[in-house]
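K.L.:
File name start.txt; file contents compact mmCIF, C-alpha atoms; full text below.
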# COMPACT_ATOMS: atom_id res chain seq x y z
CA MET A 1 -17.18 -16.16 -9.94
CA THR A 2 -15.26 -13.50 -8.06
CA HIS A 3 -13.01 -10.95 -9.71
CA TRP A 4 -10.02 -12.61 -8.00
CA MET A 5 -10.79 -16.04 -9.35
CA LYS A 6 -11.96 -14.75 -12.71
CA TYR A 7 -8.53 -13.64 -13.80
CA TRP A 8 -6.31 -16.27 -12.24
CA LYS A 9 -8.42 -19.41 -12.08
CA LEU A 10 -6.44 -20.63 -9.08
CA PRO A 11 -7.28 -23.78 -7.17
CA ILE A 12 -8.01 -22.81 -3.57
CA LEU A 13 -5.83 -25.72 -2.43
CA ALA A 14 -2.77 -24.19 -4.07
CA ILE A 15 -3.26 -20.87 -2.29
CA VAL A 16 -3.75 -22.58 1.07
CA LEU A 17 -0.57 -24.63 0.55
CA LEU A 18 1.39 -21.48 -0.16
CA CYS A 19 0.36 -19.59 2.96
CA SER A 20 0.95 -20.17 6.64
CA CYS A 21 -1.79 -21.84 8.61
CA ARG A 22 -2.04 -19.45 11.57
CA LYS A 23 -4.45 -16.53 11.82
CA SER A 24 -1.99 -14.24 13.59
CA LEU A 25 1.72 -14.58 13.07
CA THR A 26 5.06 -13.36 14.31
CA VAL A 27 8.03 -12.84 12.03
CA GLU A 28 8.89 -16.51 12.62
CA GLN A 29 6.61 -18.33 10.22
CA GLU A 30 5.78 -21.96 9.72
CA ASN A 31 7.14 -23.67 6.67
CA SER A 32 4.63 -24.10 3.87
CA THR A 33 3.86 -27.71 3.08
CA VAL A 34 4.35 -28.17 -0.64
CA GLU A 35 5.09 -31.48 -2.30
CA GLU A 36 8.69 -31.76 -3.50
CA GLY A 37 8.91 -31.14 -7.22
CA TYR A 38 5.55 -29.36 -7.25
CA TYR A 39 6.75 -26.24 -9.06
CA GLN A 40 7.64 -27.86 -12.36
CA SER A 41 5.35 -25.81 -14.59
CA SER A 42 4.82 -22.12 -15.25
CA GLN A 43 1.19 -22.43 -14.10
CA ARG A 44 2.22 -23.75 -10.69
CA ILE A 45 4.92 -21.12 -10.29
CA GLN A 46 2.32 -18.47 -11.08
CA GLN A 47 0.22 -19.93 -8.26
CA ALA A 48 3.12 -19.20 -5.91
CA VAL A 49 3.17 -15.59 -7.10
CA ILE A 50 -0.55 -15.22 -6.49
CA GLY A 51 -0.05 -16.45 -2.93
CA GLY A 52 1.75 -13.17 -2.24
CA TYR A 53 -1.16 -11.12 -3.53
CA THR A 54 -3.52 -13.24 -1.44
CA ASP A 55 -1.65 -12.40 1.75
CA LEU A 56 -1.36 -8.73 0.81
CA ARG A 57 -5.15 -8.68 0.48
CA ARG A 58 -5.43 -10.22 3.94
CA ALA A 59 -3.02 -7.67 5.38
CA LEU A 60 -4.87 -4.66 3.95
CA LEU A 61 -8.51 -5.64 3.51
CA ALA A 62 -9.22 -7.73 6.62
CA ASN A 63 -10.73 -5.44 9.28
CA TYR A 64 -10.65 -2.62 6.68
CA ALA A 65 -6.98 -2.30 7.59
CA TRP A 66 -5.97 -0.04 4.70
CA MET A 67 -8.55 2.48 5.90
CA MET A 68 -7.72 2.08 9.59
CA TYR A 69 -4.04 2.71 8.91
CA GLY A 70 -4.93 5.66 6.67
CA GLU A 71 -7.97 7.91 6.41
CA ALA A 72 -9.95 6.39 9.28
CA ARG A 73 -7.15 6.99 11.77
CA ALA A 74 -6.59 10.51 10.43
CA GLY A 75 -10.32 11.25 10.80
CA ASP A 76 -11.07 11.88 7.12
CA LEU A 77 -13.32 8.90 6.43
CA LYS A 78 -15.59 6.87 8.66
CA VAL A 79 -15.90 3.12 8.38
CA ALA A 80 -19.18 1.65 9.57
CA VAL A 81 -17.68 -0.78 12.09
CA ALA A 82 -17.75 -0.72 15.89
CA TYR A 83 -14.00 -0.10 16.30
CA GLN A 84 -13.92 2.93 13.97
CA GLN A 85 -14.33 5.43 16.80
CA GLN A 86 -11.54 3.83 18.83
CA VAL A 87 -9.20 4.16 15.87
CA ALA A 88 -10.18 7.77 15.18
CA SER A 89 -9.76 8.56 18.89
CA GLN A 90 -6.30 6.91 18.88
CA GLN A 91 -7.41 4.29 21.43
CA LEU A 92 -5.31 1.69 19.64
CA THR A 93 -4.62 -0.47 22.70
CA ALA A 94 -8.31 -0.86 23.60
CA THR A 95 -9.58 -4.38 24.25
CA ASN A 96 -11.30 -5.21 20.99
CA ARG A 97 -10.67 -8.33 18.93
CA ASP A 98 -10.72 -6.57 15.55
CA LEU A 99 -8.56 -3.74 16.81
CA MET A 100 -6.03 -6.16 18.26
CA GLN A 101 -5.82 -7.95 14.93
CA LEU A 102 -4.88 -4.64 13.31
CA THR A 103 -1.89 -4.39 15.64
CA ASP A 104 -0.51 -7.73 14.40
CA TRP A 105 2.02 -7.57 11.58
CA GLY A 106 1.77 -11.25 10.66
CA TYR A 107 0.11 -11.01 7.26
CA PHE A 108 2.78 -8.56 6.02
CA TYR A 109 5.46 -11.07 6.98
CA ASP A 110 3.47 -13.75 5.18
CA VAL A 111 3.78 -11.61 2.03
CA ILE A 112 7.55 -11.37 2.50
CA LYS A 113 7.87 -15.12 3.04
CA ASP A 114 5.75 -15.78 -0.04
CA ALA A 115 7.96 -13.44 -2.07
CA ASN A 116 11.20 -15.02 -0.88
CA ASP A 117 9.81 -18.47 -1.67
CA VAL A 118 8.90 -17.31 -5.20
CA LEU A 119 12.36 -15.85 -5.77
CA GLY A 120 13.88 -19.20 -4.86
CA ILE A 121 11.42 -21.12 -7.01
CA VAL A 122 12.01 -18.88 -10.04
CA ASP A 123 15.78 -19.01 -9.72
CA GLN A 124 15.74 -22.80 -9.38
CA ALA A 125 13.26 -23.48 -12.18
CA ALA A 126 14.51 -26.02 -14.67
CA ASP A 127 15.47 -24.86 -18.15
CA GLY A 128 12.46 -24.45 -20.38
CA VAL A 129 9.88 -24.22 -17.59
CA LEU A 130 9.65 -20.43 -17.73
CA SER A 131 9.87 -18.16 -20.73
CA SER A 132 12.01 -15.05 -20.45
CA TYR A 133 8.82 -13.00 -19.93
CA GLN A 134 7.60 -15.32 -17.17
CA HIS A 135 10.96 -15.40 -15.40
CA ASN A 136 11.18 -11.60 -15.37
CA ILE A 137 7.60 -10.86 -14.37
CA TYR A 138 7.35 -13.48 -11.62
CA ARG A 139 10.65 -12.35 -10.13
CA GLY A 140 9.61 -8.70 -10.53
CA GLU A 141 6.22 -9.26 -8.88
CA ALA A 142 7.82 -11.07 -5.94
CA LEU A 143 10.28 -8.21 -5.42
CA ALA A 144 7.50 -5.61 -5.69
CA LEU A 145 5.31 -7.48 -3.20
CA LYS A 146 8.20 -7.77 -0.77
CA SER A 147 9.05 -4.10 -1.19
CA MET A 148 5.47 -3.03 -0.58
CA ALA A 149 5.11 -5.25 2.50
CA TYR A 150 8.26 -3.80 4.06
CA PHE A 151 7.15 -0.27 3.17
CA TYR A 152 3.83 -0.77 4.95
CA LEU A 153 5.59 -2.27 7.97
CA ALA A 154 7.91 0.75 8.24
CA ARG A 155 5.09 3.27 7.89
CA ILE A 156 2.73 1.49 10.30
CA TRP A 157 5.12 0.34 13.05
CA GLY A 158 8.39 2.21 12.45
CA THR A 159 11.19 -0.07 13.68
CA VAL A 160 10.52 -3.70 12.64
CA PRO A 161 12.47 -6.97 12.25
CA SER A 162 14.02 -8.09 9.01
CA ALA A 163 12.75 -11.35 7.54
CA GLU A 164 15.67 -11.75 5.13
CA PRO A 165 17.97 -14.79 5.42
CA ASN A 166 21.11 -12.63 5.72
CA ASN A 167 19.87 -10.66 8.75
CA PHE A 168 16.77 -12.47 9.94
CA GLY A 169 15.27 -10.96 13.09
CA THR A 170 17.58 -7.92 13.08
CA HIS A 171 15.87 -4.80 14.41
CA LEU A 172 15.73 -2.29 11.56
CA THR A 173 14.76 1.36 11.88
CA SER A 174 12.06 2.75 9.63
CA GLN A 175 14.73 4.32 7.41
CA GLU A 176 16.68 1.05 7.17
CA VAL A 177 13.53 -0.85 6.23
CA VAL A 178 12.65 1.65 3.53
CA ALA A 179 16.21 1.57 2.17
CA GLN A 180 15.85 -2.21 1.88
CA ALA A 181 12.46 -1.83 0.18
CA ILE A 182 13.98 0.61 -2.33
CA VAL A 183 16.53 -2.01 -3.41
CA TYR A 184 13.76 -4.53 -4.13
CA ALA A 185 11.52 -2.02 -5.94
CA THR A 186 14.44 -0.78 -8.07
CA GLU A 187 15.07 -4.27 -9.43
CA ALA A 188 11.34 -4.97 -9.79
CA GLN A 189 10.86 -1.81 -11.85
CA ARG A 190 13.36 -3.08 -14.43
CA LEU A 191 11.65 -6.47 -14.68
CA VAL A 192 7.89 -5.89 -14.81
CA PRO A 193 6.22 -4.77 -18.06
CA TRP A 194 3.83 -1.91 -18.64
CA TYR A 195 1.06 -4.41 -19.42
CA LEU A 196 0.72 -8.01 -18.32
CA LEU A 197 -0.14 -10.76 -20.76
CA ASN A 198 -2.95 -13.25 -20.27
CA ASP A 199 -2.61 -16.99 -20.90
CA ASP A 200 -3.06 -16.39 -24.62
CA GLY A 201 -0.18 -13.92 -24.76
CA ILE A 202 -2.49 -10.91 -25.20
CA GLU A 203 -2.12 -7.70 -23.20
CA SER A 204 -4.79 -7.60 -20.51
CA ALA A 205 -5.89 -4.32 -18.91
CA ALA A 206 -7.90 -6.23 -16.29
CA LEU A 207 -4.93 -8.34 -15.24
CA THR A 208 -2.59 -5.36 -15.27
CA ALA A 209 -4.86 -3.42 -12.89
CA VAL A 210 -4.59 -6.00 -10.08
CA ARG A 211 -0.96 -7.10 -10.41
CA PHE A 212 2.26 -5.14 -10.33
CA ASN A 213 3.11 -3.37 -13.55
CA LYS A 214 5.80 -0.81 -14.43
CA THR A 215 3.66 2.22 -13.60
CA ALA A 216 2.69 0.83 -10.20
CA VAL A 217 6.23 -0.14 -9.22
CA THR A 218 7.46 3.30 -10.34
CA LEU A 219 4.88 4.95 -8.08
CA LEU A 220 5.87 2.67 -5.20
CA LEU A 221 9.56 3.39 -5.72
CA ALA A 222 8.99 7.15 -5.91
CA GLN A 223 6.96 7.02 -2.67
CA GLU A 224 9.74 5.09 -0.96
CA GLN A 225 12.44 7.47 -2.16
CA LEU A 226 10.45 10.45 -0.89
CA TRP A 227 9.87 8.75 2.46
CA ALA A 228 13.63 8.16 2.70
CA GLY A 229 14.34 11.82 1.93
CA ASN A 230 15.82 11.03 -1.49
CA ALA A 231 13.96 13.69 -3.48
CA GLN A 232 16.42 13.73 -6.38
CA SER A 233 16.20 9.95 -6.74
CA ALA A 234 12.39 10.14 -6.73
CA TYR A 235 12.54 12.88 -9.37
CA ASP A 236 14.94 10.84 -11.52
CA VAL A 237 12.90 7.62 -11.42
CA LEU A 238 9.73 9.52 -12.36
CA THR A 239 11.23 11.59 -15.17
CA ASN A 240 13.18 8.65 -16.60
CA THR A 241 10.18 6.32 -16.63
CA ILE A 242 6.99 8.30 -17.12
CA THR A 243 7.46 10.32 -20.28
CA SER A 244 5.38 11.47 -23.22
CA SER A 245 6.27 8.26 -25.05
CA THR A 246 4.90 6.10 -22.22
CA ALA A 247 1.75 8.15 -21.56
CA ASP A 248 -0.50 5.55 -23.20
CA SER A 249 0.97 2.69 -21.18
CA LEU A 250 0.09 3.84 -17.67
CA SER A 251 -1.89 1.65 -15.29
CA GLY A 252 -2.27 1.80 -11.51
CA PHE A 253 -2.50 -1.07 -9.07
CA GLY A 254 -5.23 -2.21 -6.73
CA LEU A 255 -6.24 -5.25 -4.71
CA ALA A 256 -8.90 -7.39 -6.33
CA ILE A 257 -11.97 -7.93 -4.19
CA GLY A 258 -13.09 -11.50 -3.69
CA GLU A 259 -13.78 -14.22 -1.17
CA ASP A 260 -11.08 -15.70 1.02
CA ARG A 261 -11.68 -19.01 2.76
CA ARG A 262 -9.09 -18.38 5.48
CA THR A 263 -10.15 -14.99 6.78
CA GLU A 264 -12.98 -12.51 6.56
CA ILE A 265 -12.45 -10.13 3.65
CA PRO A 266 -15.26 -7.56 3.20
CA ASP A 267 -17.47 -8.33 0.22
CA ALA A 268 -17.88 -4.65 -0.66
CA PRO A 269 -15.29 -2.62 1.27
CA LEU A 270 -15.92 0.50 -0.82
CA SER A 271 -19.69 0.46 -0.39
CA ALA A 272 -21.40 3.76 0.46
CA SER A 273 -22.96 2.00 3.44
CA ILE A 274 -19.44 1.31 4.76
CA LEU A 275 -17.25 4.31 3.84
CA SER A 276 -18.49 7.87 4.33
CA MET A 277 -17.39 11.40 5.17
CA PRO A 278 -19.37 13.73 7.45
CA LEU A 279 -20.65 16.70 5.48
CA ALA A 280 -18.79 19.18 7.70
CA THR A 281 -15.50 17.39 7.00
CA PHE A 282 -16.33 17.19 3.32
CA ASN A 283 -17.07 20.92 3.09
CA ALA A 284 -13.81 21.75 4.85
CA ILE A 285 -11.76 19.63 2.45
CA TYR A 286 -13.67 20.42 -0.76
CA PRO A 287 -14.99 24.02 -0.57
CA GLU A 288 -17.89 25.30 -2.65
CA GLY A 289 -16.82 25.63 -6.26
CA ASP A 290 -14.41 22.70 -6.22
CA ALA A 291 -15.40 20.60 -9.22
CA ARG A 292 -14.58 17.39 -7.39
CA ARG A 293 -17.49 17.85 -5.03
CA THR A 294 -19.74 16.24 -7.62
CA GLY A 295 -17.14 14.42 -9.68
CA MET A 296 -15.85 12.28 -6.82
CA PHE A 297 -18.67 12.24 -4.25
CA ASN A 298 -22.38 11.76 -3.78
CA ILE A 299 -24.00 13.91 -1.09
CA SER A 300 -27.04 12.73 0.84
CA GLY A 301 -28.19 14.54 3.96
CA ASN A 302 -25.21 15.11 6.23
CA THR A 303 -22.98 12.56 4.53
CA ALA A 304 -20.75 12.42 1.47
CA THR A 305 -19.76 9.09 -0.08
CA LEU A 306 -17.16 8.27 -2.68
CA ILE A 307 -18.34 7.55 -6.21
CA ILE A 308 -16.84 4.15 -6.97
CA ARG A 309 -16.54 3.53 -10.69
CA ASP A 310 -14.89 0.14 -10.34
CA ALA A 311 -15.96 -1.76 -7.23
CA SER A 312 -13.94 -4.84 -8.22
CA LYS A 313 -10.72 -3.54 -6.67
CA VAL A 314 -9.33 -1.25 -3.99
CA ASN A 315 -6.91 1.25 -5.51
CA LEU A 316 -3.60 1.54 -3.69
CA LEU A 317 -1.37 3.06 -6.37
CA PRO A 318 -3.65 5.01 -8.72
CA VAL A 319 -2.45 6.74 -11.88
CA GLN A 320 -3.84 10.00 -10.42
CA GLU A 321 -0.92 10.06 -8.00
CA ILE A 322 1.66 10.56 -10.74
CA ASN A 323 1.29 14.35 -10.92
CA LEU A 324 1.34 14.60 -7.13
CA LEU A 325 4.57 12.63 -6.89
CA PHE A 326 6.15 14.69 -9.66
CA ALA A 327 5.13 17.84 -7.77
CA GLU A 328 6.60 16.62 -4.49
CA ALA A 329 9.82 15.32 -6.01
CA ALA A 330 10.34 18.59 -7.91
CA TRP A 331 9.60 20.73 -4.85
CA ARG A 332 11.84 18.76 -2.51
CA SER A 333 14.69 18.87 -5.07
CA GLN A 334 14.53 22.70 -5.36
CA ARG A 335 12.49 22.94 -8.57
CA LEU A 336 9.64 25.09 -7.27
CA ASP A 337 8.41 26.45 -10.61
CA GLU A 338 8.20 22.94 -12.08
CA ALA A 339 6.58 21.67 -8.87
CA LYS A 340 3.84 24.28 -9.16
CA GLU A 341 3.13 23.22 -12.76
CA TRP A 342 2.70 19.60 -11.65
CA LEU A 343 0.50 20.57 -8.72
CA ILE A 344 -1.73 22.76 -10.88
CA ARG A 345 -2.09 19.87 -13.30
CA ALA A 346 -2.93 17.48 -10.46
CA ALA A 347 -5.42 19.88 -8.85
CA ASN A 348 -7.70 20.24 -11.85
CA GLY A 349 -11.04 21.42 -10.45
CA ALA A 350 -9.64 23.15 -7.35
CA THR A 351 -10.70 26.68 -6.40
CA GLU A 352 -7.23 27.73 -5.25
CA ASP A 353 -4.68 29.55 -7.40
CA TYR A 354 -1.45 27.66 -6.86
CA SER A 355 0.64 29.73 -9.24
CA ALA A 356 1.75 32.10 -6.45
CA LEU A 357 2.93 29.41 -4.03
CA THR A 358 6.30 29.87 -2.36
CA GLU A 359 8.76 27.40 -0.87
CA ASP A 360 7.10 28.00 2.50
CA THR A 361 3.50 27.56 1.34
CA PHE A 362 3.91 24.78 -1.21
CA GLY A 363 4.00 21.91 1.30
CA ALA A 364 0.63 22.74 2.84
CA ALA A 365 -0.98 23.04 -0.60
CA LEU A 366 0.48 19.72 -1.73
CA LEU A 367 -0.66 17.98 1.46
CA LEU A 368 -4.16 19.32 0.92
CA GLU A 369 -4.28 18.09 -2.66
CA ARG A 370 -3.00 14.68 -1.61
CA GLN A 371 -5.81 14.58 0.94
CA ARG A 372 -8.33 15.40 -1.78
CA ILE A 373 -7.05 13.26 -4.63
CA MET A 374 -5.80 10.21 -2.73
CA VAL A 375 -8.93 9.79 -0.60
CA GLY A 376 -9.83 6.12 -0.25
CA THR A 377 -6.32 4.79 -0.91
CA GLY A 378 -5.26 4.61 2.74
CA GLN A 379 -2.39 7.10 2.38
CA ARG A 380 -3.52 10.01 4.57
CA MET A 381 -1.87 9.07 7.88
CA PHE A 382 1.36 8.18 6.10
CA ASP A 383 1.32 11.59 4.42
CA LEU A 384 0.93 13.33 7.77
CA ILE A 385 3.91 11.41 9.14
CA ARG A 386 6.09 12.13 6.10
CA PHE A 387 5.23 15.84 6.08
CA GLY A 388 5.75 16.09 9.85
CA GLU A 389 2.18 17.28 10.38
CA VAL A 390 0.68 14.64 12.68
CA PRO A 391 0.18 16.99 15.69
CA SER A 392 -1.37 19.63 13.41
CA TYR A 393 -4.19 17.32 12.33
CA ILE A 394 -4.56 14.90 15.24
CA PRO A 395 -5.26 16.88 18.44
CA ALA A 396 -4.65 13.84 20.66
CA PHE A 397 -0.92 14.01 19.93
CA THR A 398 1.73 16.56 20.82
CA GLU A 399 5.15 16.87 19.19
CA ALA A 400 6.56 15.03 22.21
CA ASP A 401 4.06 12.19 21.70
CA VAL A 402 5.10 11.84 18.06
CA THR A 403 8.78 11.80 19.07
CA LYS A 404 7.98 8.86 21.38
CA GLY A 405 6.27 6.99 18.53
CA ALA A 406 2.60 7.94 18.85
CA ALA A 407 2.14 8.18 15.07
CA TYR A 408 3.02 4.51 14.70
CA TRP A 409 0.74 1.65 15.74
CA PRO A 410 1.21 -0.42 18.89
CA LEU A 411 2.17 -4.05 18.46
CA SER A 412 0.01 -7.00 19.39
CA ALA A 413 1.15 -9.28 22.21
CA ASN A 414 1.44 -12.06 19.63
CA SER A 415 3.81 -10.03 17.45
CA MET A 416 6.16 -9.59 20.43
CA LYS A 417 5.94 -13.16 21.70
CA GLY A 418 9.15 -15.17 21.81
CA ASN A 419 11.28 -12.75 19.81
CA GLY A 420 12.55 -10.26 22.40
CA TRP A 421 10.57 -7.44 20.82
CA ASN A 422 9.30 -4.58 23.00
CA GLN A 423 6.30 -2.33 22.66
CA ASN A 424 6.69 1.07 21.02
CA ALA A 425 7.70 3.57 23.74
CA TYR A 426 4.53 5.66 23.43
CA TRP A 427 2.19 2.68 23.63
CA ALA A 428 4.07 0.78 26.35
CA ILE A 429 2.26 0.47 29.67
CA PRO A 430 3.80 2.99 32.14
Would you mind writing the structure in this file as structure tokens?
P.N.:
Amino acid sequence: MTHWMKYWKLPILAIVLLCSCRKSLTVEQENSTVEEGYYQSSQRIQQAVIGGYTDLRRALLANYAWMMYGEARAGDLKVAVAYQQQVASQQLTATNRDLMQLTDWGYFYDVIKDANDVLGIVDQAADGVLSSYQHNIYRGEALALKSMAYFYLARIWGTVPSAEPNNFGTHLTSQEVVAQAIVYATEAQRLVPWYLLNDDGIESAALTAVRFNKTAVTLLLAQEQLWAGNAQSAYDVLTNTITSSTADSLSGFGLAIGEDRRTEIPDAPLSASILSMPLATFNAIYPEGDARRTGMFNISGNTATLIIRDASKVNLLPVQEINLLFAEAAWRSQRLDEAKEWLIRAANGATEDYSALTEDTFGAALLLERQRIMVGTGQRMFDLIRFGEVPSYIPAFTEADVTKGAAYWPLSANSMKGNGWNQNAYWAIP
């Protein structure tokens, strides 16, 4: 039994009914075929919630997408697939089936459709079908899934269409998309608990680790606020939520690994035979004396591989990011001394002395520690965009290229079909 099925015991039929039937989708999605009156029990409504997680897995694990959008594209990690070199070389419009699938935003819009369906189902549930806990958590999970899907869309493609009923198809800038995502995450953060309950009403650490919880939504919301340039808001949400009294309640979020009958999901995406770092790159990132050289990696010959302590999930919002987000929010809101304290705490094991950092040097140190600590989470390219450092780390791009949209991904022909959408200026054919 897979990890995915172990915790939710979902009938495959229910998941298939909840998701669109096409392999690559535009923002215009087919209606799901669900029998009228189907969602008349809490178990069936939970199935609808899990449909959103299923599509998020497809969006980020198929074709090792979370890596291709993150560390693989930035050149930090290598993925043992044929299209890895094309991604690292920024040949994102090359004729390759797997690469072309990565340029399609369909699965992210599936997540949004799933979430909007759940919100309608929860709001229309008959009295007595859902407990107060179930109503809050299912609504909160749907909002968090929708927020995360929009946030990925904005960071991967920049300007994207809205899939909301009030402005469906409207072209939204990256900043407008993130502002929308912040609204959803803000409500979700109020609704989801620190720990999820299993069917017996008992707190479950295993369930909490692969579904949205309060820590994970707080991390997502802080990321979004920082991306939007709202440093004070990021600082406030972190300091108001993650305190000494909640220290024992923290739990990150990752995607459970398991089989998917509709698409090819890697069986072991974190395997040492799949993900690796050339020794020269490893030595440049983690110099001699850095305690994380042995704590986080195994070294064999000219290759370093991540030590994976839990291969049942792919971490996207790990607890280890908390100190980094505190550091960034404090720094960007003019609290340098506090920011240095958070960074020193985050960088336990580093060889550098961060106590003497200045306003001008703090950003580079923080970006380096994010590169070190967040390795494997798919965040690296997004960090380079947010810090304005893409040309500094990717020689293929100049500042002018980035201004034209080079840091974002091109769109597949399918994503632009029938909706009046045009290719990103940088990737458009001259």
K.L.:
Point out the residue among A:Thr170, A:Gln134, A:Ile156, A:Ile285 with the least atom-to-atom distance to Ala304 of chain A, counting only C-alpha atoms.
P.N.:
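So, comparing all the options, the nearest one is A:Ile285.
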K.L.:
Any idea what's packed within 6 Å of segment 60-74 of chain A, counting all atoms listed in the file, ignoring anything in its chain fewer than 5 positions away? Could you give it as a PyMOL selection string?
P.N.:
chain A and resi 87-88+265+378-381
K.L.:
Which residue is closest to Trp157 of chain A? Choose from A:Ile274, A:Val177, A:Leu145, A:Val81 and count only C-alpha atoms.
P.N.:
A:Val177
K.L.:
What separation in Å, quoted to one decimal, exists between atom CA of Asn414 of chain A and atom CA of Arg57 of chain A?
P.N.:
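Between these atoms lies a distance of 20.5 Å.
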K.L.:
Considering all atoms listed in the file, can you say which of A:Gly252, A:Ser312, A:Asn298, A:Asn116 comes closest to Ala268 of chain A?
P.N.:
A:Ser312
K.L.:
Within 12 Å of (15.1, -8.9, 11.3), in the coordinates the file gives, what residues turn up when you count only C-alpha atoms, written out as a PDB file with C-alpha atoms, in the coordinates of the input?
P.N.:
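In the end it all went to point23.pdb:
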ATOM      1  CA  THR A  26       5.060 -13.360  14.310  1.00  0.00           C
ATOM      2  CA  VAL A  27       8.030 -12.840  12.030  1.00  0.00           C
ATOM      3  CA  GLU A  28       8.890 -16.510  12.620  1.00  0.00           C
ATOM      4  CA  TYR A 109       5.460 -11.070   6.980  1.00  0.00           C
ATOM      5  CA  ILE A 112       7.550 -11.370   2.500  1.00  0.00           C
ATOM      6  CA  TYR A 150       8.260  -3.800   4.060  1.00  0.00           C
ATOM      7  CA  THR A 159      11.190  -0.070  13.680  1.00  0.00           C
ATOM      8  CA  VAL A 160      10.520  -3.700  12.640  1.00  0.00           C
ATOM      9  CA  PRO A 161      12.470  -6.970  12.250  1.00  0.00           C
ATOM     10  CA  SER A 162      14.020  -8.090   9.010  1.00  0.00           C
ATOM     11  CA  ALA A 163      12.750 -11.350   7.540  1.00  0.00           C
ATOM     12  CA  GLU A 164      15.670 -11.750   5.130  1.00  0.00           C
ATOM     13  CA  PRO A 165      17.970 -14.790   5.420  1.00  0.00           C
ATOM     14  CA  ASN A 166      21.110 -12.630   5.720  1.00  0.00           C
ATOM     15  CA  ASN A 167      19.870 -10.660   8.750  1.00  0.00           C
ATOM     16  CA  PHE A 168      16.770 -12.470   9.940  1.00  0.00           C
ATOM     17  CA  GLY A 169      15.270 -10.960  13.090  1.00  0.00           C
ATOM     18  CA  THR A 170      17.580  -7.920  13.080  1.00  0.00           C
ATOM     19  CA  HIS A 171      15.870  -4.800  14.410  1.00  0.00           C
ATOM     20  CA  LEU A 172      15.730  -2.290  11.560  1.00  0.00           C
ATOM     21  CA  THR A 173      14.760   1.360  11.880  1.00  0.00           C
ATOM     22  CA  GLU A 176      16.680   1.050   7.170  1.00  0.00           C
ATOM     23  CA  VAL A 177      13.530  -0.850   6.230  1.00  0.00           C
ATOM     24  CA  GLN A 180      15.850  -2.210   1.880  1.00  0.00           C
ATOM     25  CA  ASN A 419      11.280 -12.750  19.810  1.00  0.00           C
ATOM     26  CA  GLY A 420      12.550 -10.260  22.400  1.00  0.00           C
ATOM     27  CA  TRP A 421      10.570  -7.440  20.820  1.00  0.00           C
TER      28      TRP A 421
END
K.L.:
Under the rule that only C-alpha atoms are counted, which of A:Gly295, A:Thr398, A:Pro287, A:Val49 is the nearest residue to Thr351 of chain A?
P.N.:
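Closest candidate: A:Pro287.
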